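Enquirer: Quick one: structure below, then a few questions.
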Amino acid sequence: MSMVSVSNLKKSFGKNEVLKDISLEIKDGEIISIIGSSGSGKSTLLRCMNQLETIDSGEIKIDGQTMVSMENGHPVYAPKNTLREIRMKTGLVFQNFNLFPHFSVLRNIIEAPVQVCKIPKDQAIEEARELLKKLGLSDKENSYPCELSGGQSQRVSIARALALKPKVLFFDEPTSALDPELTGEVLKVIKSLTEYHMTMVIVTHEMEFAREISDRMIFMDQGVIVEDATPEEMFQSKNERVRSFLGKFRC
């Protein structure tokens with residue numbers, strides 16, 4: 001079953017065409033890494049799939065529900081209640097954490113489940129504490145974001161996304177804001193999420209990590225998908241642009 005379906009997606013900012021006729025299918029439970037140079041359109045694609053950017057044309061479906069489709073040559077988004085249902089099926093872990101600075105770690109995690117999903121507060125707290133335990137942050141529930149390291153903040157961000165029990169979890173370069181010594185701890189946490197058997201889409205510059213965790217890797221360049229392949233196939237690619245990019249990394 002296709003969990004994410006993107007067809008003929010186009011997106012421009014002014015005269016800059018960032019995404020040029022992108023189409024891809026992501027199966028339920030697949031782990032996909034999207035790689036490529038800065039400016040290739042990776043993060044914009046992620047933001048379009050998360051309703052953080054509107055598209056210029058194309059179609060997007062999440063878990064069989066149509067988010068946006070073409071009618072009379074124009075993109076038409078689903079009604080608000082449908083978009084809300086789709087949004088509840090997805091989670092996004094940002095580059096820069098985006099935690100509420102005036103909320104404790106625990107409140108950052110339970111806020112959406114309680115306020116948006118109307119989950120009883122006691123249940124939300126119990127589930128949040130279980131997530132914190134799994135992510136090695138049990139002693140931080142009463143701390144505030146300013147008291148956390150970058151790695152701890154990103155782990156809280158992951159816990160917050162997981163608290164909504166999404167079917168698809170998107171990561172937008174989750175280690176780009178971290179010092180090198182903290183990158184490993186966050187990547188280890190992301191690898192541990194495979195036990196949840198959820199669909200994950202990860203924009204990353206960590207090539208060895210992508211190679212190890214991914215079912216498929218997608219290489220983007222100048223707004224198009226150049227190659228969509230297994231990690232083994234990607235690292236043996238005969239495409240010169242792919243080879244040039246991967247040659248910058250020791251894998």
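Going by the structure tokens order, chains are called A, B, ..., each with residues numbered from 1, while ligands are numbered from 1 in the order shown.
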Write out, as JSON lines, each residue of segment 120-164 of chain A that has an atom at most 10 Å from segment 187-208 of chain A, together with the closest pair of atoms and their distance in Å to one decimal, counting only C-alpha atoms, rows going by chain and rising number.
Expert:
{"residue": "A:Lys134", "atom": "CA", "partner": "A:Val189", "partner_atom": "CA", "distance": 9.0}
{"residue": "A:Leu135", "atom": "CA", "partner": "A:Val189", "partner_atom": "CA", "distance": 6.8}
{"residue": "A:Gly136", "atom": "CA", "partner": "A:Val189", "partner_atom": "CA", "distance": 9.3}
{"residue": "A:Gly151", "atom": "CA", "partner": "A:Leu187", "partner_atom": "CA", "distance": 9.8}
{"residue": "A:Gln154", "atom": "CA", "partner": "A:Val189", "partner_atom": "CA", "distance": 9.8}
{"residue": "A:Arg155", "atom": "CA", "partner": "A:Val189", "partner_atom": "CA", "distance": 7.5}
{"residue": "A:Ile158", "atom": "CA", "partner": "A:Ile190", "partner_atom": "CA", "distance": 8.4}
{"residue": "A:Leu162", "atom": "CA", "partner": "A:Leu193", "partner_atom": "CA", "distance": 9.5}
Enquirer: Convert the current residue selection to file output with N, CA and C atoms, as a short mmCIF file (atom, residue, chain, number, x, y, z; two decimals), in the first residue's frame.
Expert:
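See result.cif below for the written result:
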data_model
loop_
_atom_site.label_atom_id
_atom_site.label_comp_id
_atom_site.auth_asym_id
_atom_site.auth_seq_id
_atom_site.Cartn_x
_atom_site.Cartn_y
_atom_site.Cartn_z
N LYS A 134 12.16 5.94 26.75
CA LYS A 134 12.76 5.28 25.59
C LYS A 134 13.86 6.12 24.96
N LEU A 135 13.74 7.44 25.06
CA LEU A 135 14.72 8.33 24.44
C LEU A 135 15.79 8.79 25.43
N GLY A 136 15.81 8.19 26.62
CA GLY A 136 16.85 8.49 27.59
C GLY A 136 16.75 9.87 28.21
N GLY A 151 21.46 18.01 21.36
CA GLY A 151 21.04 16.63 21.17
C GLY A 151 19.80 16.29 21.98
N GLN A 154 16.73 17.92 20.38
CA GLN A 154 16.24 17.22 19.21
C GLN A 154 15.52 15.93 19.60
N ARG A 155 15.99 15.29 20.65
CA ARG A 155 15.29 14.08 21.12
C ARG A 155 13.91 14.43 21.67
N ILE A 158 11.70 14.88 18.74
CA ILE A 158 11.28 13.58 18.21
C ILE A 158 10.16 13.00 19.07
N LEU A 162 6.36 11.93 17.99
CA LEU A 162 5.85 10.58 18.22
C LEU A 162 4.60 10.56 19.09
#
Enquirer: Skip Ile119 of chain A itself and residues of its chain fewer than 4 positions away, then list as a short mmCIF file (atom, residue, chain, number, x, y, z; two decimals) with N, CA, C and O atoms, in the first residue's frame all residues within 12 Å of it, counting only C-alpha atoms.
Expert:
data_model
loop_
_atom_site.label_atom_id
_atom_site.label_comp_id
_atom_site.auth_asym_id
_atom_site.auth_seq_id
_atom_site.Cartn_x
_atom_site.Cartn_y
_atom_site.Cartn_z
N ILE A 110 3.07 16.97 25.63
CA ILE A 110 1.65 16.68 25.81
C ILE A 110 0.73 17.75 25.24
O ILE A 110 -0.48 17.51 25.11
N GLU A 111 1.24 18.89 24.88
CA GLU A 111 0.38 20.01 24.49
C GLU A 111 -0.53 19.65 23.31
O GLU A 111 -1.76 19.84 23.38
N ALA A 112 0.05 19.12 22.24
CA ALA A 112 -0.78 18.79 21.07
C ALA A 112 -1.73 17.62 21.34
O ALA A 112 -2.91 17.69 20.97
N PRO A 113 -1.27 16.53 21.95
CA PRO A 113 -2.22 15.44 22.25
C PRO A 113 -3.42 15.90 23.10
O PRO A 113 -4.54 15.47 22.85
N VAL A 114 -3.17 16.78 24.06
CA VAL A 114 -4.25 17.23 24.94
C VAL A 114 -5.13 18.27 24.25
O VAL A 114 -6.36 18.16 24.25
N GLN A 115 -4.50 19.28 23.65
CA GLN A 115 -5.26 20.40 23.10
C GLN A 115 -5.87 20.08 21.73
O GLN A 115 -6.97 20.55 21.42
N GLN A 123 -3.50 10.48 30.64
CA GLN A 123 -3.04 9.52 29.65
C GLN A 123 -1.89 10.09 28.83
O GLN A 123 -0.90 9.39 28.56
N ALA A 124 -2.01 11.37 28.45
CA ALA A 124 -0.97 12.02 27.66
C ALA A 124 0.34 12.08 28.44
O ALA A 124 1.43 11.85 27.88
N ILE A 125 0.26 12.36 29.74
CA ILE A 125 1.45 12.43 30.58
C ILE A 125 2.10 11.05 30.69
O ILE A 125 3.32 10.92 30.58
N GLU A 126 1.28 10.03 30.89
CA GLU A 126 1.81 8.66 31.00
C GLU A 126 2.53 8.26 29.71
O GLU A 126 3.64 7.70 29.75
N GLU A 127 1.93 8.55 28.57
CA GLU A 127 2.53 8.19 27.29
C GLU A 127 3.78 9.02 27.03
O GLU A 127 4.77 8.52 26.47
N ALA A 128 3.76 10.30 27.43
CA ALA A 128 4.93 11.16 27.24
C ALA A 128 6.10 10.66 28.07
O ALA A 128 7.25 10.65 27.61
N ALA A 163 4.43 11.58 19.92
CA ALA A 163 3.29 11.62 20.84
C ALA A 163 1.96 11.66 20.10
O ALA A 163 0.93 11.25 20.65
N LEU A 164 1.96 12.13 18.86
CA LEU A 164 0.74 12.18 18.06
C LEU A 164 0.50 10.88 17.30
O LEU A 164 -0.46 10.78 16.54
N LYS A 165 1.39 9.92 17.48
CA LYS A 165 1.27 8.60 16.86
C LYS A 165 1.05 8.70 15.34
O LYS A 165 0.07 8.16 14.81
#
Enquirer: Between A:Thr183, A:Ser157, A:Ser149, A:Ser214, which is the closest to Arg107 of chain A once you count only C-alpha atoms?
Expert: A:Ser157
Enquirer: Going by DSSP on the backbone, which residues of segment 131-217 of chain A come out as helix (DSSP H, G or I)? List them as a PyMOL selection string.
Expert: chain A and resi 131-134+138-140+145-147+150-162+180-196+207-213
Enquirer: Using atom CA of Met3 of chain A and atom CA of Ile26 of chain A as the two end points, give the distance in Å to one decimal.
Expert: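 Between atom CA of Met3 of chain A and atom CA of Ile26 of chain A the gap is 5.8 Å.
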Enquirer: Do a neighbour search on Glu59 of chain A at 8 Å with only C-alpha atoms, toss out local chain neighbours closer than 4 positions, and write the hits as a list in words.
Expert: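 Skipping anything fewer than 4 positions along the chain leaves Ser5, Val6, Ser7, Asn8, Leu9, Thr66, Met67, Val68, Ser69, Met70 and Pro75 of chain A.
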Enquirer: Write a file of the just-selected residues containing N, CA and C atoms, as an mmCIF file, in the first residue's frame.
Expert:
data_model
loop_
_atom_site.group_PDB
_atom_site.id
_atom_site.type_symbol
_atom_site.label_atom_id
_atom_site.label_comp_id
_atom_site.auth_asym_id
_atom_site.auth_seq_id
_atom_site.Cartn_x
_atom_site.Cartn_y
_atom_site.Cartn_z
ATOM 1 N N SER A 5 1.930 9.487 -1.788
ATOM 2 C CA SER A 5 1.928 9.512 -3.247
ATOM 3 C C SER A 5 2.015 10.955 -3.728
ATOM 4 N N VAL A 6 3.026 11.234 -4.529
ATOM 5 C CA VAL A 6 3.226 12.572 -5.097
ATOM 6 C C VAL A 6 3.269 12.442 -6.611
ATOM 7 N N SER A 7 2.457 13.238 -7.310
ATOM 8 C CA SER A 7 2.398 13.147 -8.769
ATOM 9 C C SER A 7 2.560 14.530 -9.400
ATOM 10 N N ASN A 8 3.553 14.657 -10.267
ATOM 11 C CA ASN A 8 3.747 15.849 -11.109
ATOM 12 C C ASN A 8 3.742 17.144 -10.299
ATOM 13 N N LEU A 9 4.409 17.108 -9.154
ATOM 14 C CA LEU A 9 4.429 18.268 -8.261
ATOM 15 C C LEU A 9 5.394 19.335 -8.774
ATOM 16 N N THR A 66 -6.663 12.272 -0.377
ATOM 17 C CA THR A 66 -6.146 13.306 -1.263
ATOM 18 C C THR A 66 -5.993 14.627 -0.518
ATOM 19 N N MET A 67 -4.764 15.125 -0.450
ATOM 20 C CA MET A 67 -4.493 16.422 0.150
ATOM 21 C C MET A 67 -4.763 17.537 -0.846
ATOM 22 N N VAL A 68 -4.256 17.343 -2.073
ATOM 23 C CA VAL A 68 -4.412 18.358 -3.109
ATOM 24 C C VAL A 68 -4.413 17.658 -4.468
ATOM 25 N N SER A 69 -5.256 18.148 -5.365
ATOM 26 C CA SER A 69 -5.320 17.599 -6.716
ATOM 27 C C SER A 69 -5.590 18.732 -7.700
ATOM 28 N N MET A 70 -5.497 18.417 -8.970
ATOM 29 C CA MET A 70 -5.688 19.426 -10.011
ATOM 30 C C MET A 70 -7.136 19.446 -10.496
ATOM 31 N N PRO A 75 -4.347 23.816 -8.703
ATOM 32 C CA PRO A 75 -4.341 22.928 -7.536
ATOM 33 C C PRO A 75 -5.480 23.281 -6.587
#
Enquirer: Taking into account only C-alpha atoms, which residue in the set A:Lys248, A:His102, A:Arg87, A:Lys11 is nearest to Ser43 of chain A?
Expert: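 Ranked by minimum distance to Ser43 of chain A, first place goes to A:Lys11.
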Enquirer: Give me the residues near segment 236-239 of chain A as a PyMOL selection string, where near means some atom within 12 Å (using only C-alpha atoms) and where sequence neighbours in that chain fewer than 2 positions away do not count.
Expert: chain A and resi 211+217-219+221+226-234+241-247+251
Enquirer: I'd like the interatomic distance between atom CA of Thr44 of chain A and atom CA of Asn108 of chain A, to a tenth of an Å.
Expert: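 Spanning atom CA of Thr44 of chain A to atom CA of Asn108 of chain A is a straight-line distance of 25.6 Å.
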Enquirer: Taking only C-alpha atoms into account, which of A:Pro79, A:Pro174, A:Gly29, A:Gly73 comes nearest Val93 of chain A?
Expert: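 Going through A:Pro79, A:Pro174, A:Gly29, A:Gly73 one by one, the smallest distance to Val93 of chain A is for A:Pro174.
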Enquirer: Using only C-alpha atoms, can you tell me which of A:Asp21, A:Phe97, A:Phe209, A:Leu92 comes closest to Gly184 of chain A?
Expert: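 Of A:Asp21, A:Phe97, A:Phe209, A:Leu92, the one nearest Gly184 of chain A, counting only C-alpha atoms, is A:Phe209.
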Enquirer: What residues in segment 22-248 of chain A get the DSSP label strand (DSSP E)? Please answer as a compact mmCIF listing (two decimals) with N, CA and C atoms, in the first residue's frame.
Expert:
# COMPACT_ATOMS: atom_id res chain seq x y z
N ILE A 22 7.84 16.63 -9.89
CA ILE A 22 8.27 15.55 -9.00
C ILE A 22 7.16 14.51 -8.83
N SER A 23 7.50 13.25 -9.02
CA SER A 23 6.57 12.15 -8.76
C SER A 23 7.29 11.06 -7.97
N LEU A 24 6.65 10.55 -6.92
CA LEU A 24 7.23 9.45 -6.15
C LEU A 24 6.17 8.74 -5.35
N GLU A 25 6.43 7.49 -5.04
CA GLU A 25 5.54 6.67 -4.23
C GLU A 25 6.35 6.11 -3.06
N ILE A 26 5.78 6.21 -1.87
CA ILE A 26 6.43 5.68 -0.67
C ILE A 26 5.48 4.69 -0.03
N LYS A 27 5.91 3.46 0.12
CA LYS A 27 5.05 2.40 0.66
C LYS A 27 4.94 2.50 2.18
N ILE A 31 11.37 3.24 4.80
CA ILE A 31 12.24 4.32 5.28
C ILE A 31 12.98 4.86 4.07
N ILE A 32 12.74 6.14 3.78
CA ILE A 32 13.29 6.78 2.60
C ILE A 32 14.21 7.92 3.02
N SER A 33 15.41 7.96 2.48
CA SER A 33 16.30 9.10 2.68
C SER A 33 16.35 9.91 1.40
N ILE A 34 16.22 11.22 1.54
CA ILE A 34 16.33 12.13 0.40
C ILE A 34 17.64 12.89 0.54
N ILE A 35 18.49 12.75 -0.45
CA ILE A 35 19.81 13.36 -0.40
C ILE A 35 20.02 14.28 -1.60
N SER A 57 1.25 23.11 -8.80
CA SER A 57 0.48 22.11 -9.54
C SER A 57 0.91 20.72 -9.09
N GLY A 58 0.03 19.74 -9.34
CA GLY A 58 0.34 18.37 -8.97
C GLY A 58 -0.69 17.78 -8.03
N GLU A 59 -0.37 16.63 -7.49
CA GLU A 59 -1.27 15.92 -6.59
C GLU A 59 -0.48 15.27 -5.47
N ILE A 60 -1.03 15.32 -4.25
CA ILE A 60 -0.41 14.68 -3.10
C ILE A 60 -1.48 13.89 -2.35
N LYS A 61 -1.18 12.64 -2.03
CA LYS A 61 -2.06 11.81 -1.22
C LYS A 61 -1.26 11.26 -0.04
N ILE A 62 -1.89 11.23 1.13
CA ILE A 62 -1.30 10.63 2.31
C ILE A 62 -2.25 9.56 2.83
N GLN A 65 -5.70 9.36 1.34
CA GLN A 65 -6.52 10.58 1.34
C GLN A 65 -5.86 11.65 0.46
N THR A 66 -6.66 12.27 -0.38
CA THR A 66 -6.15 13.31 -1.26
C THR A 66 -5.99 14.63 -0.52
N MET A 67 -4.76 15.12 -0.45
CA MET A 67 -4.49 16.42 0.15
C MET A 67 -4.76 17.54 -0.85
N VAL A 68 -4.26 17.34 -2.07
CA VAL A 68 -4.41 18.36 -3.11
C VAL A 68 -4.41 17.66 -4.47
N SER A 69 -5.26 18.15 -5.36
CA SER A 69 -5.32 17.60 -6.72
C SER A 69 -5.59 18.73 -7.70
N MET A 70 -5.50 18.42 -8.97
CA MET A 70 -5.69 19.43 -10.01
C MET A 70 -7.14 19.45 -10.50
N GLU A 71 -7.69 20.64 -10.60
CA GLU A 71 -9.02 20.84 -11.17
C GLU A 71 -8.97 22.05 -12.09
N HIS A 74 -5.73 23.98 -12.04
CA HIS A 74 -5.29 24.64 -10.81
C HIS A 74 -5.28 23.66 -9.65
N PRO A 75 -4.35 23.82 -8.70
CA PRO A 75 -4.34 22.93 -7.54
C PRO A 75 -5.48 23.28 -6.59
N VAL A 76 -6.21 22.27 -6.15
CA VAL A 76 -7.32 22.48 -5.22
C VAL A 76 -7.09 21.59 -4.00
N TYR A 77 -7.00 22.24 -2.83
CA TYR A 77 -6.78 21.50 -1.59
C TYR A 77 -8.09 20.95 -1.03
N THR A 90 0.66 12.75 10.13
CA THR A 90 2.07 13.04 9.84
C THR A 90 2.72 13.77 11.01
N GLY A 91 4.00 13.55 11.17
CA GLY A 91 4.79 14.28 12.15
C GLY A 91 6.03 14.82 11.48
N LEU A 92 6.53 15.95 11.97
CA LEU A 92 7.71 16.58 11.37
C LEU A 92 8.70 16.96 12.46
N VAL A 93 9.93 16.52 12.28
CA VAL A 93 11.03 16.91 13.17
C VAL A 93 11.86 17.94 12.42
N VAL A 168 3.22 8.67 9.31
CA VAL A 168 4.41 9.07 8.56
C VAL A 168 5.18 10.09 9.39
N LEU A 169 6.48 9.86 9.55
CA LEU A 169 7.32 10.80 10.29
C LEU A 169 8.37 11.36 9.35
N PHE A 170 8.36 12.69 9.20
CA PHE A 170 9.30 13.38 8.33
C PHE A 170 10.40 14.03 9.17
N PHE A 171 11.63 13.94 8.67
CA PHE A 171 12.77 14.58 9.33
C PHE A 171 13.43 15.53 8.33
N ASP A 172 13.55 16.79 8.70
CA ASP A 172 14.20 17.77 7.83
C ASP A 172 15.60 18.07 8.35
N THR A 199 6.28 4.66 8.57
CA THR A 199 6.92 5.22 7.39
C THR A 199 7.75 6.43 7.80
N MET A 200 8.99 6.50 7.34
CA MET A 200 9.85 7.64 7.66
C MET A 200 10.48 8.18 6.39
N VAL A 201 10.47 9.51 6.29
CA VAL A 201 11.10 10.20 5.17
C VAL A 201 12.11 11.18 5.77
N ILE A 202 13.39 10.98 5.43
CA ILE A 202 14.47 11.70 6.09
C ILE A 202 15.31 12.47 5.08
N VAL A 203 15.29 13.79 5.20
CA VAL A 203 16.22 14.62 4.43
C VAL A 203 17.50 14.72 5.25
N ARG A 216 15.12 2.80 0.62
CA ARG A 216 15.44 3.44 -0.66
C ARG A 216 16.05 4.80 -0.39
N MET A 217 16.86 5.26 -1.34
CA MET A 217 17.44 6.60 -1.28
C MET A 217 17.03 7.34 -2.55
N ILE A 218 16.69 8.61 -2.37
CA ILE A 218 16.30 9.45 -3.50
C ILE A 218 17.31 10.59 -3.61
N PHE A 219 17.93 10.71 -4.77
CA PHE A 219 18.89 11.79 -5.01
C PHE A 219 18.22 12.87 -5.83
N MET A 220 18.21 14.10 -5.29
CA MET A 220 17.62 15.24 -5.99
C MET A 220 18.70 16.22 -6.42
N ASP A 221 18.47 16.84 -7.56
CA ASP A 221 19.39 17.85 -8.06
C ASP A 221 18.60 18.84 -8.91
N VAL A 224 14.74 18.17 -9.46
CA VAL A 224 14.23 16.93 -10.05
C VAL A 224 14.82 15.74 -9.31
N ILE A 225 14.14 14.60 -9.40
CA ILE A 225 14.67 13.35 -8.86
C ILE A 225 15.56 12.73 -9.93
N VAL A 226 16.85 12.67 -9.64
CA VAL A 226 17.82 12.12 -10.58
C VAL A 226 17.87 10.61 -10.46
N GLU A 227 17.79 10.11 -9.22
CA GLU A 227 17.87 8.66 -9.01
C GLU A 227 17.07 8.25 -7.80
N ASP A 228 16.36 7.14 -7.91
CA ASP A 228 15.57 6.55 -6.84
C ASP A 228 15.96 5.08 -6.80
N ALA A 229 16.70 4.68 -5.75
CA ALA A 229 17.30 3.34 -5.77
C ALA A 229 17.54 2.84 -4.35
Enquirer: Which residue gives the smallest distance to Gly39 of chain A among A:Val156, A:Ile86, A:Ile55, A:Leu19, with only C-alpha atoms counted?
Expert: A:Leu19
Enquirer: Considering only C-alpha atoms, can you say which of A:Met1, A:Leu45, A:Val18, A:Leu132 comes closest to Leu106 of chain A?
Expert: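 Of A:Met1, A:Leu45, A:Val18, A:Leu132, the one nearest Leu106 of chain A is A:Leu132, counting only C-alpha atoms.
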